[in-house]
Each structure stands twice: as structure tokens, then as C-alpha cells.
Amino acid sequence: METRVDEIADGIYRISTYVPDVAAPAGFTFNQFLIDAEQPLLFHLGMRHLFPAVSEAVSRVVPLDRLRWLAFGHVEADECGAMNEFLAAAPRAEVAHGLQGCLISLNDLADRPPHPMAHGETLDLGGKEVLRRRVLHLNTPHVPHNWEARVLFEETTGTLLCGDLFTHLGNGPPVTDHDLVGPALDAEEMFRQTSCLTAAVGTLRSLAQLTPKTLAVMHGSSYHGDGAAALHALADGYEERFGPELAFAARASALAGANAPQG
């Protein structure tokens, strides 16, 4: 496995580990995003077994003990498996997550009390006013999955830290201006990761109102361009390819095993 670091927007770094055995032969990337600010924030923490590689990559940009905020989209091993390892390595760091996620999971799982955030709340990462970094917390329940799901929007660069949205296979470039919608729909066909079609379509159209310039994708290449158009196109693709709701819910995931019921 290889872990690499690339700047995908001003002061935002993609830390990517390519794992060829996942979804072979294309393989799969597991990405974290580091915002280099007065109070650095790491979005996605990776699985525990990847902590040595990911933490070493983070330290190429900022010392681990400078990390102030740890965040992720939802409670899942690849999102927060190494949470307590990072808390141990960064004595000043706090986990920042939505109130619901704190109540149902993180108050118990995290070695230090998490910082709960309300929908629409902004976290100030500090810095001079012209370079000040702020991230907006937005609840996205069940989108793409999990009750406590959320995204962050970094306002200075217009970067949407969109977690599992736009997931696709392969080891593409760190950031691209090529269409990600087709590959994302193909991955959805394979994994069936999205919980609720109606919620997903509505949430994608709502996020498009942010007009992001960069989409920081957890699995696959990030995207630079018209983020609003990409979000609308993904919503359209969900409706056209996976509707209606009952048929969508009955589809089996490739991860469910050979005996899973087929829709």
C-alpha cells in the first residue's frame, strides 16, 4: 500500500492510501483531508491498522501534536477507527461531530469528550482575517448512510468535505476536473451504500446551494469545477438509475455475500 499527500485546494491536503485488494482489480482509495490552519483539522481518521501510515503522512504537513480538531462524516471504521490513536498523539485535539453522533456513539467511544455541533454551526479554525478558515457543519442524516451522517464545508476555498458521496473505484489522480458522476453511480450499483433514495436526492440538491468549487471525496479522486452541477447530476442519476424507492431498497450490496437476497 502507498500513502501519498497532495494539496487539492489552498491549504487543504488529501492523504490517500490505495488498497488494491479492495474492489479488485480496480482497487480502492481511503482518503483523509487535512486543513492546515492555525487550528489544524483532520477530516476522516482512517482505520486503526492504517494509523502508522496516515499519521506519518499528516506529520509531513503539520506535527501531530498541533492537530486541534478531528472530524469525520459518520461513525464507521474507515472514518474514525483510529480516533483514539489520534487523540493520544495530539493532546490538544478534540473530536468535533454533530450532536446526535456524540449522543449515540462518541460520548462513549472517544477517549476524551467530543465537541458537539448543531446543524449550521461554524467551527473557526483561526488565522488572519483574509486567510481565516471556517468550516460549516451540516447534518445529512442517512445520506449516504448512518443516522448521524454529516458533511463539512470549508468556506475560504469553497471545499465540500463530502465523505462517501461520489465514492468510486480505482486509483485516479488526487484531483480531477473530469466527470465523477458516472463512476460514482457504477460504485453505487456495486456497493449499495446509500440508505434512502429520497433523502439522498433532496440532500444532494440542498448541498448544491453551497456552490462548492472542490469536492473532497473520501474514496476516489477529488473534483475541482462546478460542484453544484455535479451534485445535481448525481441526484438526477440516483433518480434515473435506482428509483423507485422500493426497488432501490431491495438491491443487494456486493459486500452482503453470495446468499444475500436480490432485488
# chains A, B, ... in the order shown; residues from 1 in each chain; ligands from 1

call {"tool": "closest_atom_pairs", "arguments": {"of": "segment 150-225 of chain A", "to": "segment 126-143 of chain A", "cutoff": "8 Å", "atoms": "only C-alpha atoms", "output": "Markdown table"}}
result
| residue | atom | partner | partner_atom | distance |
| --- | --- | --- | --- | --- |
| A:Arg150 | CA | A:Asn139 | CA | 4.3 |
| A:Val151 | CA | A:Leu138 | CA | 5.5 |
| A:Leu152 | CA | A:His137 | CA | 4.8 |
| A:Phe153 | CA | A:Leu136 | CA | 5.0 |
| A:Glu154 | CA | A:Val135 | CA | 4.4 |
| A:Glu155 | CA | A:Arg134 | CA | 5.9 |
| A:Thr156 | CA | A:Arg133 | CA | 6.1 |
| A:Thr194 | CA | A:Val143 | CA | 6.4 |
| A:Ser195 | CA | A:His142 | CA | 5.6 |
| A:Cys196 | CA | A:His142 | CA | 6.5 |
| A:Ala199 | CA | A:Val143 | CA | 6.7 |
| A:Ala200 | CA | A:Val143 | CA | 5.4 |
| A:Thr203 | CA | A:Thr140 | CA | 6.7 |

call {"tool": "atom_distance", "arguments": {"atom1": "atom CA of Arg14 of chain A", "atom2": "atom CA of Pro113 of chain A"}}
result
26.8 Å

call {"tool": "closest_atom_pairs", "arguments": {"of": "segment 68-117 of chain A", "to": "segment 40-51 of chain A", "cutoff": "7 Å", "atoms": "only C-alpha atoms", "output": "JSON lines"}}
result
{"residue": "A:Arg68", "atom": "CA", "partner": "A:Pro40", "partner_atom": "CA", "distance": 5.4}
{"residue": "A:Trp69", "atom": "CA", "partner": "A:Leu41", "partner_atom": "CA", "distance": 4.5}
{"residue": "A:Leu70", "atom": "CA", "partner": "A:Leu42", "partner_atom": "CA", "distance": 5.1}
{"residue": "A:Ala71", "atom": "CA", "partner": "A:Phe43", "partner_atom": "CA", "distance": 4.7}
{"residue": "A:Phe72", "atom": "CA", "partner": "A:His44", "partner_atom": "CA", "distance": 4.5}
{"residue": "A:Ala77", "atom": "CA", "partner": "A:Met47", "partner_atom": "CA", "distance": 5.4}
{"residue": "A:Asp78", "atom": "CA", "partner": "A:Gly46", "partner_atom": "CA", "distance": 4.6}
{"residue": "A:Glu79", "atom": "CA", "partner": "A:His44", "partner_atom": "CA", "distance": 4.8}
{"residue": "A:Cys80", "atom": "CA", "partner": "A:Leu45", "partner_atom": "CA", "distance": 5.0}
{"residue": "A:Gly81", "atom": "CA", "partner": "A:Met47", "partner_atom": "CA", "distance": 4.3}
{"residue": "A:Ala82", "atom": "CA", "partner": "A:Arg48", "partner_atom": "CA", "distance": 4.3}
{"residue": "A:Met83", "atom": "CA", "partner": "A:Leu45", "partner_atom": "CA", "distance": 6.2}

call {"tool": "select_by_dssp", "arguments": {"residues": "segment 3-227 of chain A", "states": "strand (DSSP E)", "output": "PyMOL selection string"}}
result
chain A and resi 3-9+12-19+28-35+41-43+69-71+94-98+115-117+122-126+133-139+150-154+159-161+175-176+214-216+222-224

call {"tool": "atom_distance", "arguments": {"atom1": "atom CA of Ala254 of chain A", "atom2": "atom CA of Phe242 of chain A"}}
result
15.6 Å

call {"tool": "residues_around", "arguments": {"residues": "Leu87 of chain A", "least_positions_apart": "5", "cutoff": "10 Å", "atoms": "only C-alpha atoms", "output": "PDB file with N, CA, C and O atoms, in the first residue's frame"}}
result
ATOM      1  N   LEU A  64       1.951  16.142  14.495  1.00  0.00           N
ATOM      2  CA  LEU A  64       0.729  15.541  15.034  1.00  0.00           C
ATOM      3  C   LEU A  64       0.233  16.264  16.273  1.00  0.00           C
ATOM      4  O   LEU A  64      -0.978  16.418  16.472  1.00  0.00           O
ATOM      5  N   ASP A  65       1.149  16.733  17.121  1.00  0.00           N
ATOM      6  CA  ASP A  65       0.704  17.361  18.364  1.00  0.00           C
ATOM      7  C   ASP A  65       0.120  18.750  18.154  1.00  0.00           C
ATOM      8  O   ASP A  65      -0.370  19.374  19.100  1.00  0.00           O
ATOM      9  N   LEU A  67      -2.391  19.110  15.893  1.00  0.00           N
ATOM     10  CA  LEU A  67      -3.779  18.892  15.487  1.00  0.00           C
ATOM     11  C   LEU A  67      -4.718  19.386  16.587  1.00  0.00           C
ATOM     12  O   LEU A  67      -4.562  19.057  17.760  1.00  0.00           O
ATOM     13  N   ARG A  68      -5.712  20.180  16.170  1.00  0.00           N
ATOM     14  CA  ARG A  68      -6.667  20.724  17.137  1.00  0.00           C
ATOM     15  C   ARG A  68      -8.040  20.076  17.029  1.00  0.00           C
ATOM     16  O   ARG A  68      -8.743  19.911  18.021  1.00  0.00           O
ATOM     17  N   TRP A  69      -8.442  19.713  15.789  1.00  0.00           N
ATOM     18  CA  TRP A  69      -9.778  19.174  15.573  1.00  0.00           C
ATOM     19  C   TRP A  69      -9.688  17.888  14.769  1.00  0.00           C
ATOM     20  O   TRP A  69      -8.963  17.818  13.771  1.00  0.00           O
ATOM     21  N   LEU A  70     -10.444  16.882  15.202  1.00  0.00           N
ATOM     22  CA  LEU A  70     -10.585  15.628  14.487  1.00  0.00           C
ATOM     23  C   LEU A  70     -12.053  15.480  14.104  1.00  0.00           C
ATOM     24  O   LEU A  70     -12.938  15.682  14.949  1.00  0.00           O
ATOM     25  N   ALA A  82      -9.286   5.060  13.885  1.00  0.00           N
ATOM     26  CA  ALA A  82      -8.059   5.478  14.568  1.00  0.00           C
ATOM     27  C   ALA A  82      -8.279   6.717  15.441  1.00  0.00           C
ATOM     28  O   ALA A  82      -7.317   7.386  15.817  1.00  0.00           O
ATOM     29  N   ARG A  92      -3.984  18.183  22.438  1.00  0.00           N
ATOM     30  CA  ARG A  92      -4.934  19.298  22.410  1.00  0.00           C
ATOM     31  C   ARG A  92      -6.142  19.019  21.526  1.00  0.00           C
ATOM     32  O   ARG A  92      -7.073  19.819  21.460  1.00  0.00           O
ATOM     33  N   ALA A  93      -6.156  17.919  20.842  1.00  0.00           N
ATOM     34  CA  ALA A  93      -7.193  17.668  19.843  1.00  0.00           C
ATOM     35  C   ALA A  93      -8.515  17.278  20.500  1.00  0.00           C
ATOM     36  O   ALA A  93      -8.548  16.607  21.529  1.00  0.00           O
ATOM     37  N   GLU A  94      -9.603  17.726  19.851  1.00  0.00           N
ATOM     38  CA  GLU A  94     -10.952  17.311  20.220  1.00  0.00           C
ATOM     39  C   GLU A  94     -11.643  16.752  18.989  1.00  0.00           C
ATOM     40  O   GLU A  94     -11.417  17.229  17.866  1.00  0.00           O
ATOM     41  N   VAL A  95     -12.502  15.778  19.206  1.00  0.00           N
ATOM     42  CA  VAL A  95     -13.364  15.284  18.136  1.00  0.00           C
ATOM     43  C   VAL A  95     -14.554  16.222  18.020  1.00  0.00           C
ATOM     44  O   VAL A  95     -15.244  16.487  19.011  1.00  0.00           O
ATOM     45  N   ALA A 110     -15.170   7.784  22.368  1.00  0.00           N
ATOM     46  CA  ALA A 110     -13.987   8.643  22.342  1.00  0.00           C
ATOM     47  C   ALA A 110     -13.325   8.697  23.716  1.00  0.00           C
ATOM     48  O   ALA A 110     -14.004   8.803  24.745  1.00  0.00           O
ATOM     49  N   ASP A 111     -11.995   8.648  23.737  1.00  0.00           N
ATOM     50  CA  ASP A 111     -11.260   8.684  24.990  1.00  0.00           C
ATOM     51  C   ASP A 111     -11.313  10.049  25.671  1.00  0.00           C
ATOM     52  O   ASP A 111     -11.036  10.133  26.884  1.00  0.00           O
ATOM     53  N   ARG A 112     -11.632  11.109  24.909  1.00  0.00           N
ATOM     54  CA  ARG A 112     -11.883  12.416  25.503  1.00  0.00           C
ATOM     55  C   ARG A 112     -13.259  12.883  25.056  1.00  0.00           C
ATOM     56  O   ARG A 112     -13.699  12.534  23.943  1.00  0.00           O
TER      57      ARG A 112
END

call {"tool": "select_by_dssp", "arguments": {"residues": "segment 13-182 of chain A", "states": "alpha helix (DSSP H)", "output": "CSV table (one decimal) with N, CA, C and O atoms, in the first residue's frame"}}
result
chain,number,residue,atom,x,y,z
A,51,PHE,N,-3.3,3.7,10.9
A,51,PHE,CA,-2.8,4.8,11.7
A,51,PHE,C,-1.3,5.1,11.5
A,51,PHE,O,-0.9,6.3,11.3
A,52,PRO,N,-0.4,4.1,11.5
A,52,PRO,CA,1.0,4.5,11.3
A,52,PRO,C,1.3,5.2,10.0
A,52,PRO,O,2.0,6.2,9.9
A,53,ALA,N,0.7,4.7,8.9
A,53,ALA,CA,0.9,5.3,7.6
A,53,ALA,C,0.2,6.7,7.5
A,53,ALA,O,0.8,7.7,7.0
A,54,VAL,N,-1.0,6.8,8.0
A,54,VAL,CA,-1.7,8.0,7.8
A,54,VAL,C,-1.1,9.1,8.8
A,54,VAL,O,-0.9,10.3,8.4
A,55,SER,N,-0.8,8.7,10.0
A,55,SER,CA,-0.2,9.7,10.9
A,55,SER,C,1.1,10.2,10.4
A,55,SER,O,1.5,11.4,10.5
A,56,GLU,N,1.9,9.3,9.8
A,56,GLU,CA,3.2,9.8,9.2
A,56,GLU,C,3.0,10.8,8.1
A,56,GLU,O,3.7,11.8,8.0
A,57,ALA,N,2.0,10.5,7.3
A,57,ALA,CA,1.7,11.4,6.2
A,57,ALA,C,1.2,12.8,6.7
A,57,ALA,O,1.6,13.8,6.2
A,58,VAL,N,0.3,12.8,7.7
A,58,VAL,CA,-0.1,14.0,8.3
A,58,VAL,C,1.1,14.8,8.8
A,58,VAL,O,1.1,16.0,8.6
A,59,SER,N,2.0,14.1,9.5
A,59,SER,CA,3.2,14.8,10.0
A,59,SER,C,4.1,15.5,9.0
A,59,SER,O,4.9,16.3,9.3
A,77,ALA,N,-15.6,2.4,10.7
A,77,ALA,CA,-14.2,2.1,10.9
A,77,ALA,C,-13.2,2.9,10.0
A,77,ALA,O,-12.2,3.5,10.5
A,78,ASP,N,-13.6,3.0,8.7
A,78,ASP,CA,-12.7,3.8,7.8
A,78,ASP,C,-12.7,5.3,8.1
A,78,ASP,O,-11.9,6.1,7.6
A,79,GLU,N,-13.8,5.8,8.8
A,79,GLU,CA,-13.9,7.2,9.1
A,79,GLU,C,-13.3,7.5,10.4
A,79,GLU,O,-12.7,8.6,10.5
A,80,CYS,N,-13.4,6.7,11.4
A,80,CYS,CA,-12.9,7.0,12.7
A,80,CYS,C,-12.3,5.9,13.5
A,80,CYS,O,-12.2,6.0,14.7
A,83,MET,N,-9.5,7.0,15.8
A,83,MET,CA,-9.9,8.2,16.6
A,83,MET,C,-9.0,8.3,17.9
A,83,MET,O,-8.4,9.3,18.1
A,84,ASN,N,-9.0,7.2,18.6
A,84,ASN,CA,-8.3,7.3,19.9
A,84,ASN,C,-6.8,7.3,19.8
A,84,ASN,O,-6.1,7.9,20.6
A,85,GLU,N,-6.3,6.7,18.7
A,85,GLU,CA,-4.9,6.8,18.4
A,85,GLU,C,-4.5,8.3,18.2
A,85,GLU,O,-3.5,8.7,18.6
A,86,PHE,N,-5.3,9.0,17.4
A,86,PHE,CA,-5.0,10.4,17.1
A,86,PHE,C,-5.2,11.2,18.4
A,86,PHE,O,-4.4,12.2,18.6
A,87,LEU,N,-6.2,10.9,19.2
A,87,LEU,CA,-6.4,11.7,20.4
A,87,LEU,C,-5.1,11.5,21.3
A,87,LEU,O,-4.7,12.4,22.0
A,88,ALA,N,-4.6,10.3,21.3
A,88,ALA,CA,-3.4,10.1,22.1
A,88,ALA,C,-2.2,10.8,21.6
A,88,ALA,O,-1.3,11.3,22.3
A,89,ALA,N,-2.1,10.9,20.3
A,89,ALA,CA,-0.9,11.6,19.6
A,89,ALA,C,-1.0,13.1,19.6
A,89,ALA,O,0.0,13.8,19.5
A,99,LEU,N,-24.3,16.8,17.1
A,99,LEU,CA,-24.8,16.5,18.5
A,99,LEU,C,-25.3,15.0,18.5
A,99,LEU,O,-25.1,14.3,19.5
A,100,GLN,N,-26.0,14.6,17.5
A,100,GLN,CA,-26.6,13.3,17.5
A,100,GLN,C,-25.6,12.2,17.6
A,100,GLN,O,-25.7,11.2,18.3
A,101,GLY,N,-24.5,12.4,16.8
A,101,GLY,CA,-23.4,11.4,16.8
A,101,GLY,C,-22.7,11.3,18.1
A,101,GLY,O,-22.3,10.2,18.5
A,107,ASN,N,-19.8,10.0,22.8
A,107,ASN,CA,-19.6,10.2,24.2
A,107,ASN,C,-19.1,9.0,24.9
A,107,ASN,O,-18.4,9.0,25.9
A,108,ASP,N,-19.4,7.8,24.3
A,108,ASP,CA,-18.9,6.5,24.9
A,108,ASP,C,-17.6,6.1,24.2
A,108,ASP,O,-16.7,5.6,24.9
A,109,LEU,N,-17.5,6.2,22.9
A,109,LEU,CA,-16.3,5.7,22.2
A,109,LEU,C,-15.1,6.5,22.3
A,109,LEU,O,-14.0,5.9,22.2
A,181,VAL,N,-19.6,11.6,-11.9
A,181,VAL,CA,-20.9,11.1,-11.6
A,181,VAL,C,-21.1,9.7,-12.1
A,181,VAL,O,-21.6,8.8,-11.4
A,182,GLY,N,-20.6,9.4,-13.3
A,182,GLY,CA,-20.8,8.0,-13.9
A,182,GLY,C,-20.0,7.0,-13.0
A,182,GLY,O,-20.6,6.0,-12.7

call {"tool": "closest_residue", "arguments": {"among": "A:Ala208, A:Met190, A:Ala235, A:Leu215", "to": "Ala256 of chain A", "atoms": "only C-alpha atoms"}}
result
A:Met190

call {"tool": "residues_around", "arguments": {"residues": "Ala216 of chain A", "least_positions_apart": "6", "cutoff": "12 Å", "atoms": "only C-alpha atoms", "output": "VMD selection string"}}
result
chain A and resid 6 to 9 12 to 16 30 to 35 43 to 44 73 151 to 154 157 to 167 174 to 176 180 222 to 225 227

call {"tool": "residues_around", "arguments": {"residues": "Pro116 of chain A", "least_positions_apart": "5", "cutoff": "7 Å", "atoms": "only C-alpha atoms", "output": "ChimeraX atom specification"}}
result
/A:96-99,102

call {"tool": "write_last_selection", "arguments": {"atoms": "C-alpha atoms", "output": "PDB file, in the first residue's frame"}}
result
ATOM      1  CA  ALA A  96     -15.936  17.634  16.575  1.00  0.00           C
ATOM      2  CA  HIS A  97     -19.122  15.952  15.409  1.00  0.00           C
ATOM      3  CA  GLY A  98     -22.851  16.504  15.232  1.00  0.00           C
ATOM      4  CA  LEU A  99     -24.805  16.474  18.468  1.00  0.00           C
ATOM      5  CA  CYS A 102     -21.992  12.475  20.091  1.00  0.00           C
TER       6      CYS A 102
END

call {"tool": "residues_around", "arguments": {"residues": "Ala228 of chain A", "least_positions_apart": "4", "cutoff": "10 Å", "atoms": "only C-alpha atoms", "output": "PyMOL selection string"}}
result
chain A and resi 204-215+232-234

call {"tool": "atom_distance", "arguments": {"atom1": "atom CA of Ala149 of chain A", "atom2": "atom CA of Thr198 of chain A"}}
result
15.4 Å

call {"tool": "residues_around", "arguments": {"residues": "Ala23 of chain A", "least_positions_apart": "3", "cutoff": "12 Å", "atoms": "only C-alpha atoms", "output": "VMD selection string"}}
result
chain A and resid 18 to 20 26 to 29 168 to 171 187 190 to 191 219 254 to 255

call {"tool": "closest_residue", "arguments": {"among": "A:Gly11, A:Arg60, A:Val201, A:Arg66", "to": "Pro91 of chain A", "atoms": "only C-alpha atoms"}}
result
A:Arg66
